[in-house]
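Undergrad: I have a structure here, written as structure tokens, and I will follow up with some questions on it.
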Amino acid sequence: ARLGGDAFASACPGADHAELVRLAERLLAGVRAPITVQAQVLRVGATIGLATCRAGRGTGDVLVAAADGALLAAKSTAKGTWRAASVAV
């Protein structure tokens with residue numbers, strides 16, 4: 001889902017941390033791939049914030065806020081990567 005601007009969200013119910021990391025790595029690799037448009041090579045990047053919680057423990061708002069915090073941490077250290085947060089509710 002598009003949250004606004006260039007921010008997007010995806011829910012992955014039942015996914016564990018390792019699965020989310022693999023997904024984040026695949027997304028980053030796909031975004032990093034150069035795109036040719038009218039003979040010009042374009043390169044873009046992305047930074048990802050992940051959030052996890054135990055089943056039934058976190059609301060959507062809590063997870064989005066945690067993922068946003070992880071995203072800001074990733075952007076402040078190394079753009080083009082991911083960081084994860086765990087919601088303890």
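Every chain in the structure tokens has a letter given in the order shown (A, B, ...), and although residue numbers restart at 1 in each chain, ligands are simply numbered from 1 in the order shown.
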Env of Cys53 (chain A): 12 Å cut, atoms = only C-alpha atoms, seq-sep filter 3 positions within chain, self excluded. Answer as a list of chain:residue names.
TA: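 So the residues in contact are A:Ala11, A:Cys12, A:Pro13, A:Gly14, A:Ala15, A:Asp16, A:His17, A:Leu50, A:Gly56, A:Arg57, A:Gly58, A:Thr59, A:Gly60, A:Val62, A:Leu63, A:Val64, A:Ala66, A:Ala67, A:Ala84, A:Ala85, A:Ser86, A:Val87, A:Ala88, A:Val89.
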Undergrad: Could those residues be written to a file, using C-alpha atoms, as a CSV table (one decimal), in the first residue's frame?
TA:
```csv
chain,number,residue,atom,x,y,z
A,11,ALA,CA,1.9,-6.7,5.5
A,12,CYS,CA,3.4,-10.2,5.6
A,13,PRO,CA,1.3,-12.1,8.2
A,14,GLY,CA,3.1,-15.2,9.5
A,15,ALA,CA,6.5,-14.2,8.1
A,16,ASP,CA,9.4,-14.6,10.5
A,17,HIS,CA,12.4,-12.2,10.8
A,50,LEU,CA,11.0,-3.6,8.9
A,56,GLY,CA,-2.0,-10.7,17.7
A,57,ARG,CA,0.3,-8.3,19.7
A,58,GLY,CA,0.6,-5.2,17.5
A,59,THR,CA,-1.8,-3.0,15.7
A,60,GLY,CA,-1.2,-1.7,12.2
A,62,VAL,CA,2.1,0.4,16.1
A,63,LEU,CA,3.8,-1.6,13.4
A,64,VAL,CA,3.9,1.3,10.9
A,66,ALA,CA,8.0,0.9,14.4
A,67,ALA,CA,8.9,0.4,10.7
A,84,ALA,CA,14.4,-3.9,11.6
A,85,ALA,CA,12.5,-3.1,14.8
A,86,SER,CA,10.6,-5.5,17.0
A,87,VAL,CA,7.4,-4.4,18.7
A,88,ALA,CA,7.1,-5.6,22.3
A,89,VAL,CA,3.5,-5.3,23.2
```
Undergrad: Near Arg43 (chain A), counting only C-alpha atoms, which residues have an atom at most 8 Å away, once you skip same-chain residues fewer than 2 positions from it, shown as number ranges by chain?
TA: A: 32-35, 41, 45
Undergrad: Work out how far CA of Ala78 (chain A) is from CA of Arg2 (chain A), in Å to one decimal.
TA: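 Between CA of Arg2 (chain A) and CA of Ala78 (chain A) the gap works out to 23.1 Å.
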Undergrad: Out of chain A, which residues get strand (DSSP E or B) from DSSP, as number ranges by chain?
TA: A: 2-4, 7-8, 35-37, 40-42, 48-53, 82-87
Undergrad: I need the residues from that last selection saved to file as a compact mmCIF listing (two decimals), in the first residue's frame (with N, CA and C atoms), if you can.
TA:
```txt
# COMPACT_ATOMS: atom_id res chain seq x y z
N ARG A 2 0.46 2.25 -0.69
CA ARG A 2 1.19 3.52 -0.69
C ARG A 2 0.73 4.34 0.51
N LEU A 3 1.69 4.75 1.34
CA LEU A 3 1.36 5.54 2.52
C LEU A 3 1.39 7.03 2.22
N GLY A 4 2.06 7.40 1.15
CA GLY A 4 2.17 8.81 0.78
C GLY A 4 3.57 9.10 0.28
N ALA A 7 6.62 6.59 0.19
CA ALA A 7 6.57 5.60 1.27
C ALA A 7 5.50 4.55 0.97
N PHE A 8 5.90 3.28 1.08
CA PHE A 8 5.01 2.17 0.82
C PHE A 8 5.06 1.20 1.99
N ILE A 35 17.83 0.86 -14.98
CA ILE A 35 16.71 0.88 -15.92
C ILE A 35 17.11 1.76 -17.09
N THR A 36 16.91 1.29 -18.32
CA THR A 36 17.23 2.08 -19.49
C THR A 36 15.93 2.65 -20.07
N VAL A 37 15.92 3.98 -20.20
CA VAL A 37 14.77 4.68 -20.76
C VAL A 37 15.30 5.63 -21.83
N GLN A 40 18.96 6.16 -22.00
CA GLN A 40 19.59 6.68 -20.79
C GLN A 40 19.45 5.66 -19.67
N VAL A 41 20.55 5.41 -18.99
CA VAL A 41 20.52 4.47 -17.87
C VAL A 41 20.18 5.24 -16.60
N LEU A 42 19.12 4.80 -15.96
CA LEU A 42 18.66 5.42 -14.72
C LEU A 42 18.93 4.47 -13.55
N ILE A 48 14.78 0.52 3.53
CA ILE A 48 13.62 -0.22 4.04
C ILE A 48 13.66 -0.29 5.56
N GLY A 49 12.50 -0.07 6.17
CA GLY A 49 12.32 -0.27 7.60
C GLY A 49 11.38 -1.45 7.80
N LEU A 50 11.81 -2.42 8.59
CA LEU A 50 11.00 -3.60 8.88
C LEU A 50 10.50 -3.54 10.32
N ALA A 51 9.33 -4.10 10.58
CA ALA A 51 8.83 -4.21 11.94
C ALA A 51 8.15 -5.56 12.11
N THR A 52 8.41 -6.18 13.23
CA THR A 52 7.78 -7.47 13.54
C THR A 52 7.16 -7.41 14.93
N CYS A 53 6.20 -8.31 15.14
CA CYS A 53 5.60 -8.46 16.46
C CYS A 53 5.07 -9.88 16.58
N TRP A 82 18.55 -1.86 4.91
CA TRP A 82 17.35 -2.06 5.73
C TRP A 82 17.75 -2.13 7.19
N ARG A 83 16.78 -1.85 8.04
CA ARG A 83 16.91 -2.02 9.48
C ARG A 83 15.59 -2.60 9.98
N ALA A 84 15.64 -3.29 11.10
CA ALA A 84 14.45 -3.93 11.64
C ALA A 84 14.19 -3.46 13.06
N ALA A 85 12.92 -3.45 13.41
CA ALA A 85 12.47 -3.15 14.78
C ALA A 85 11.50 -4.24 15.20
N SER A 86 11.51 -4.55 16.46
CA SER A 86 10.58 -5.54 17.01
C SER A 86 9.67 -4.83 17.99
N VAL A 87 8.37 -5.05 17.83
CA VAL A 87 7.39 -4.42 18.70
C VAL A 87 7.13 -5.34 19.88
```
Undergrad: Just give me the gap between CA of Glu25 (chain A) and CA of Thr81 (chain A) in Å, one decimal is fine.
TA: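 So the two atoms, CA of Glu25 (chain A) and CA of Thr81 (chain A), lie 8.2 Å apart.
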Undergrad: CA of Leu72 (chain A) to CA of Arg54 (chain A): how many Å, to one decimal?
TA: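 We find that CA of Leu72 (chain A) and CA of Arg54 (chain A) lie 22.5 Å from each other.
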Undergrad: Of the candidates A:Leu27, A:Ala9, A:Ala46, A:Ala18, which one gets nearest to Lys79 (chain A) if we count only C-alpha atoms?
TA: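 Of A:Leu27, A:Ala9, A:Ala46, A:Ala18, the one nearest Lys79 (chain A) is A:Ala46, counting only C-alpha atoms.
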